[in-house]
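Working notes, beginning with the structure itself.
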Amino acid sequence: MTTTDDETDLAMMHRAIAAARRAAELGEVPVGAVVYRGDEVLAEAHNLRESQTDPTAHAEVLALRDAARRLGTWRLDGCSIAVTLEPCPMCAGALVNARVARVVYGATDPKMGCVDTLHELCTDTRFNHRLVVVRGVMSDVCGALLSDFFAARRKGDAPPKPGPKQGRTGEGEKGR
Ligand SMILES: [Zn+2]
């Protein structure tokens with residue numbers, strides 16, 4: 001049971017996109033997420049994997065942590081999350097663990113997407129919790145954010161990848 005409607009989902013996706021843009025400005029892969037309940041924003045975050053040198057610092061995980069802290073419980077019953085990119089296996093798993101009610105995502109991820117594309121972790125009936133999935137919300141804008149970011153990086157006009165503060169020896173042209 002949620003009181004969320006399409007208009008709220010769209011408004012929250014706009015916020016998630018704004019967060020993703022902030023990530024791109026930092027040289028982070030632009031993915032943004034917003035956790036909300038009804039019309040109330042509980043947390044928003046963007047990918048910080050490079051800045052925090054943390055493989056788990058995906059937008060969804062960071063937003064879930066903030067929302068849980070704010071609510072004072074790890075159970076995010078009745079909450080929705082809007083995220084610009086289809087969640088990966090880690091994040092889809094985190095959404096199930098957090099008992100999030102709904103996931104609203106933009107672009108599909110052919111390489112890591114585990115809500116619909118490679119696996120269906122958010123709707124697998126063998127788990128003890130399932131989410132309502134709303135897919136493809138502003139997917140063109142969300143997808144363009146990513147393709148523009150990688151195109152700019154290839155051309156060399158994106159902000160440099162923020163590496164660990166200790167220096168960047170050994171970091172080659174790995175890209176993503
Ligand atoms: Zn993820």
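In the structure tokens, the first chain shown is A, the next is B, and so on; residue numbers restart at 1 for each chain, and ligands run from 1 in the order shown.
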Please tabulate, as JSON lines, the residues of chain A that come within 10 Å of ligand 1, each with its closest pair of atoms and the distance in Å to one decimal, counting only C-alpha atoms and all ligand atoms and ordering rows by chain, then residue number upward.
```
{"residue": "A:Val31", "atom": "CA", "partner": "ligand 1", "partner_atom_place_in_ligand_line": "1 (Zn)", "distance": 9.2}
{"residue": "A:Asn47", "atom": "CA", "partner": "ligand 1", "partner_atom_place_in_ligand_line": "1 (Zn)", "distance": 8.8}
{"residue": "A:Pro55", "atom": "CA", "partner": "ligand 1", "partner_atom_place_in_ligand_line": "1 (Zn)", "distance": 9.1}
{"residue": "A:Thr56", "atom": "CA", "partner": "ligand 1", "partner_atom_place_in_ligand_line": "1 (Zn)", "distance": 7.3}
{"residue": "A:Ala57", "atom": "CA", "partner": "ligand 1", "partner_atom_place_in_ligand_line": "1 (Zn)", "distance": 8.0}
{"residue": "A:His58", "atom": "CA", "partner": "ligand 1", "partner_atom_place_in_ligand_line": "1 (Zn)", "distance": 5.0}
{"residue": "A:Ala59", "atom": "CA", "partner": "ligand 1", "partner_atom_place_in_ligand_line": "1 (Zn)", "distance": 7.1}
{"residue": "A:Glu60", "atom": "CA", "partner": "ligand 1", "partner_atom_place_in_ligand_line": "1 (Zn)", "distance": 6.4}
{"residue": "A:Val61", "atom": "CA", "partner": "ligand 1", "partner_atom_place_in_ligand_line": "1 (Zn)", "distance": 7.1}
{"residue": "A:Leu62", "atom": "CA", "partner": "ligand 1", "partner_atom_place_in_ligand_line": "1 (Zn)", "distance": 9.9}
{"residue": "A:Val83", "atom": "CA", "partner": "ligand 1", "partner_atom_place_in_ligand_line": "1 (Zn)", "distance": 9.9}
{"residue": "A:Leu85", "atom": "CA", "partner": "ligand 1", "partner_atom_place_in_ligand_line": "1 (Zn)", "distance": 8.8}
{"residue": "A:Glu86", "atom": "CA", "partner": "ligand 1", "partner_atom_place_in_ligand_line": "1 (Zn)", "distance": 8.3}
{"residue": "A:Pro87", "atom": "CA", "partner": "ligand 1", "partner_atom_place_in_ligand_line": "1 (Zn)", "distance": 5.1}
{"residue": "A:Cys88", "atom": "CA", "partner": "ligand 1", "partner_atom_place_in_ligand_line": "1 (Zn)", "distance": 4.2}
{"residue": "A:Pro89", "atom": "CA", "partner": "ligand 1", "partner_atom_place_in_ligand_line": "1 (Zn)", "distance": 6.6}
{"residue": "A:Met90", "atom": "CA", "partner": "ligand 1", "partner_atom_place_in_ligand_line": "1 (Zn)", "distance": 5.4}
{"residue": "A:Cys91", "atom": "CA", "partner": "ligand 1", "partner_atom_place_in_ligand_line": "1 (Zn)", "distance": 4.2}
{"residue": "A:Ala92", "atom": "CA", "partner": "ligand 1", "partner_atom_place_in_ligand_line": "1 (Zn)", "distance": 7.1}
{"residue": "A:Gly93", "atom": "CA", "partner": "ligand 1", "partner_atom_place_in_ligand_line": "1 (Zn)", "distance": 9.1}
{"residue": "A:Ala94", "atom": "CA", "partner": "ligand 1", "partner_atom_place_in_ligand_line": "1 (Zn)", "distance": 8.8}
{"residue": "A:Met112", "atom": "CA", "partner": "ligand 1", "partner_atom_place_in_ligand_line": "1 (Zn)", "distance": 8.2}
{"residue": "A:Gly113", "atom": "CA", "partner": "ligand 1", "partner_atom_place_in_ligand_line": "1 (Zn)", "distance": 8.6}
{"residue": "A:Cys114", "atom": "CA", "partner": "ligand 1", "partner_atom_place_in_ligand_line": "1 (Zn)", "distance": 9.3}
```
Need the shell around A:Val104: protein/DNA/RNA residues with any atom at most 7 Å away, counting only C-alpha atoms. Skip same-chain ones fewer than 2 positions apart. Format as a PyMOL selection string? chain A and resi 81-83+102+133-135
Would you export the selected residues with C-alpha atoms as a CSV table (one decimal), in the first residue's frame, please?
```
chain,number,residue,atom,x,y,z
A,81,ILE,CA,13.0,4.7,-4.6
A,82,ALA,CA,13.5,6.5,-7.9
A,83,VAL,CA,16.8,5.8,-9.6
A,102,ARG,CA,8.4,0.3,-4.9
A,133,VAL,CA,8.5,-2.2,-10.3
A,134,VAL,CA,7.9,0.9,-12.4
A,135,ARG,CA,10.3,1.0,-15.3
```
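Taking atom CA of A:Val29 and atom CA of A:Met138 as the two end points, the separation is 17.8 Å.
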Which of A:Ala43, A:Tyr105, A:Pro30, A:Val96 sits closest to A:Ser139 [using only C-alpha atoms]: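 Selected residue with least distance to A:Ser139: A:Tyr105.
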Here is a test: counting only C-alpha atoms, which residue of A:Ala151, A:Leu48, A:Met13, A:Val35 is nearest to A:Gly136? A:Met13
Restricting the calculation to only C-alpha atoms, which member of A:Leu71, A:Val132, A:Leu64, A:Val115 is positioned closest to A:Ala101? A:Val132
Running DSSP on the backbone, which parts of stretch 26-157 of chain A land in alpha helix (DSSP H), as a short mmCIF file (atom, residue, chain, number, x, y, z; two decimals) with C-alpha atoms, in the first residue's frame?
```
data_model
loop_
_atom_site.label_atom_id
_atom_site.label_comp_id
_atom_site.auth_asym_id
_atom_site.auth_seq_id
_atom_site.Cartn_x
_atom_site.Cartn_y
_atom_site.Cartn_z
CA ALA A 59 23.44 5.97 -5.43
CA GLU A 60 20.82 3.51 -4.19
CA VAL A 61 22.88 2.16 -1.30
CA LEU A 62 23.83 5.66 -0.13
CA ALA A 63 20.22 6.85 -0.35
CA LEU A 64 18.92 3.77 1.51
CA ARG A 65 21.42 4.31 4.31
CA ASP A 66 20.43 7.94 4.71
CA ALA A 67 16.72 7.16 4.62
CA ALA A 68 17.11 4.40 7.23
CA ARG A 69 19.11 6.71 9.48
CA ARG A 70 16.49 9.36 9.13
CA LEU A 71 13.62 7.01 9.91
CA PRO A 89 22.55 -7.01 -8.27
CA MET A 90 23.94 -5.37 -5.12
CA CYS A 91 21.42 -2.54 -5.13
CA ALA A 92 18.46 -4.70 -6.15
CA GLY A 93 19.41 -6.97 -3.24
CA ALA A 94 19.66 -3.99 -0.90
CA LEU A 95 16.18 -2.85 -1.93
CA VAL A 96 14.78 -6.28 -1.06
CA ASN A 97 16.67 -6.31 2.24
CA SER A 139 14.50 6.60 -19.64
CA ASP A 140 15.71 8.68 -22.59
CA VAL A 141 16.98 11.48 -20.35
CA CYS A 142 18.51 9.02 -17.87
CA GLY A 143 20.22 7.05 -20.63
CA ALA A 144 21.49 10.19 -22.38
CA LEU A 145 23.14 11.32 -19.14
CA LEU A 146 25.23 8.17 -19.16
CA SER A 147 26.01 8.06 -22.87
CA ASP A 148 26.95 11.77 -22.90
CA PHE A 149 29.17 11.24 -19.88
CA PHE A 150 31.06 8.35 -21.43
CA ALA A 151 31.29 10.08 -24.81
CA ALA A 152 32.79 13.17 -23.12
CA ARG A 153 35.20 11.04 -21.15
CA ARG A 154 36.37 9.29 -24.29
CA LYS A 155 36.93 12.65 -25.93
#
```
Do a neighbour search on A:Asp9 at 10 Å with only C-alpha atoms, toss out local chain neighbours closer than 2 positions, and write the hits as a ChimeraX atom specification. /A:4-7,11-15,34,36,38-39,80-82,103-105,134,137
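With distances taken over only C-alpha atoms, A:Ala98 is the one residue among A:Ala98, A:Ala20, A:Leu10, A:Leu76 lying closest to A:Asn128.
Put simply, atom CA of A:Arg130 is 8.3 Å away from atom CA of A:Val100.
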Which of stretch 33-160 of chain A DSSP labels strand (DSSP E or B), written as an MDAnalysis selection string: chainID A and resid 33:37 40:46 80:85 102:107 132:134
Output file for the selection above: N, CA and C atoms, as an mmCIF file, in the first residue's frame:
```
data_model
loop_
_atom_site.group_PDB
_atom_site.id
_atom_site.type_symbol
_atom_site.label_atom_id
_atom_site.label_comp_id
_atom_site.auth_asym_id
_atom_site.auth_seq_id
_atom_site.Cartn_x
_atom_site.Cartn_y
_atom_site.Cartn_z
ATOM 1 N N ALA A 33 19.654 8.756 -7.125
ATOM 2 C CA ALA A 33 18.531 8.044 -6.519
ATOM 3 C C ALA A 33 17.878 8.907 -5.438
ATOM 4 N N VAL A 34 16.571 8.752 -5.308
ATOM 5 C CA VAL A 34 15.808 9.463 -4.280
ATOM 6 C C VAL A 34 14.900 8.459 -3.581
ATOM 7 N N VAL A 35 14.939 8.446 -2.250
ATOM 8 C CA VAL A 35 14.010 7.615 -1.474
ATOM 9 C C VAL A 35 12.905 8.522 -0.951
ATOM 10 N N TYR A 36 11.661 8.100 -1.118
ATOM 11 C CA TYR A 36 10.542 8.954 -0.701
ATOM 12 C C TYR A 36 9.391 8.109 -0.191
ATOM 13 N N ARG A 37 8.576 8.782 0.622
ATOM 14 C CA ARG A 37 7.365 8.121 1.098
ATOM 15 C C ARG A 37 6.239 9.101 0.918
ATOM 16 N N GLU A 40 7.004 12.904 0.532
ATOM 17 C CA GLU A 40 8.130 13.327 1.359
ATOM 18 C C GLU A 40 9.449 12.695 0.900
ATOM 19 N N VAL A 41 10.417 13.540 0.610
ATOM 20 C CA VAL A 41 11.747 13.039 0.246
ATOM 21 C C VAL A 41 12.481 12.664 1.529
ATOM 22 N N LEU A 42 12.947 11.419 1.605
ATOM 23 C CA LEU A 42 13.677 10.970 2.798
ATOM 24 C C LEU A 42 15.179 11.051 2.605
ATOM 25 N N ALA A 43 15.622 10.847 1.387
ATOM 26 C CA ALA A 43 17.061 10.883 1.123
ATOM 27 C C ALA A 43 17.287 10.962 -0.366
ATOM 28 N N GLU A 44 18.369 11.615 -0.732
ATOM 29 C CA GLU A 44 18.777 11.553 -2.138
ATOM 30 C C GLU A 44 20.289 11.452 -2.192
ATOM 31 N N ALA A 45 20.761 10.789 -3.220
ATOM 32 C CA ALA A 45 22.200 10.544 -3.305
ATOM 33 C C ALA A 45 22.575 10.287 -4.750
ATOM 34 N N HIS A 46 23.868 10.392 -5.007
ATOM 35 C CA HIS A 46 24.361 9.987 -6.311
ATOM 36 C C HIS A 46 25.582 9.110 -6.116
ATOM 37 N N SER A 80 9.345 4.364 -1.502
ATOM 38 C CA SER A 80 9.681 4.132 -2.904
ATOM 39 C C SER A 80 11.072 4.674 -3.148
ATOM 40 N N ILE A 81 11.716 4.179 -4.190
ATOM 41 C CA ILE A 81 12.994 4.750 -4.612
ATOM 42 C C ILE A 81 12.927 5.011 -6.106
ATOM 43 N N ALA A 82 13.330 6.204 -6.487
ATOM 44 C CA ALA A 82 13.462 6.529 -7.907
ATOM 45 C C ALA A 82 14.941 6.553 -8.212
ATOM 46 N N VAL A 83 15.342 5.836 -9.246
ATOM 47 C CA VAL A 83 16.760 5.760 -9.600
ATOM 48 C C VAL A 83 16.886 5.843 -11.117
ATOM 49 N N THR A 84 17.909 6.566 -11.554
ATOM 50 C CA THR A 84 18.004 6.856 -12.989
ATOM 51 C C THR A 84 18.373 5.638 -13.825
ATOM 52 N N LEU A 85 19.031 4.658 -13.202
ATOM 53 C CA LEU A 85 19.480 3.470 -13.941
ATOM 54 C C LEU A 85 18.969 2.212 -13.241
ATOM 55 N N ARG A 102 8.495 0.053 -3.478
ATOM 56 C CA ARG A 102 8.449 0.258 -4.936
ATOM 57 C C ARG A 102 9.789 0.748 -5.443
ATOM 58 N N VAL A 103 10.166 0.295 -6.620
ATOM 59 C CA VAL A 103 11.344 0.836 -7.292
ATOM 60 C C VAL A 103 10.905 1.398 -8.643
ATOM 61 N N VAL A 104 11.312 2.624 -8.875
ATOM 62 C CA VAL A 104 10.967 3.337 -10.103
ATOM 63 C C VAL A 104 12.283 3.645 -10.793
ATOM 64 N N TYR A 105 12.513 3.075 -11.960
ATOM 65 C CA TYR A 105 13.798 3.370 -12.595
ATOM 66 C C TYR A 105 13.655 3.902 -14.013
ATOM 67 N N GLY A 106 14.749 4.520 -14.477
ATOM 68 C CA GLY A 106 14.747 5.141 -15.791
ATOM 69 C C GLY A 106 15.291 4.215 -16.854
ATOM 70 N N ALA A 107 16.595 4.333 -17.126
ATOM 71 C CA ALA A 107 17.211 3.554 -18.201
ATOM 72 C C ALA A 107 17.444 2.113 -17.772
ATOM 73 N N VAL A 132 7.139 -3.551 -6.019
ATOM 74 C CA VAL A 132 6.437 -3.140 -7.228
ATOM 75 C C VAL A 132 7.467 -2.433 -8.105
ATOM 76 N N VAL A 133 7.503 -2.768 -9.369
ATOM 77 C CA VAL A 133 8.500 -2.181 -10.274
ATOM 78 C C VAL A 133 7.813 -1.265 -11.281
ATOM 79 N N VAL A 134 8.315 -0.041 -11.365
ATOM 80 C CA VAL A 134 7.876 0.895 -12.411
ATOM 81 C C VAL A 134 9.102 1.207 -13.248
#
```
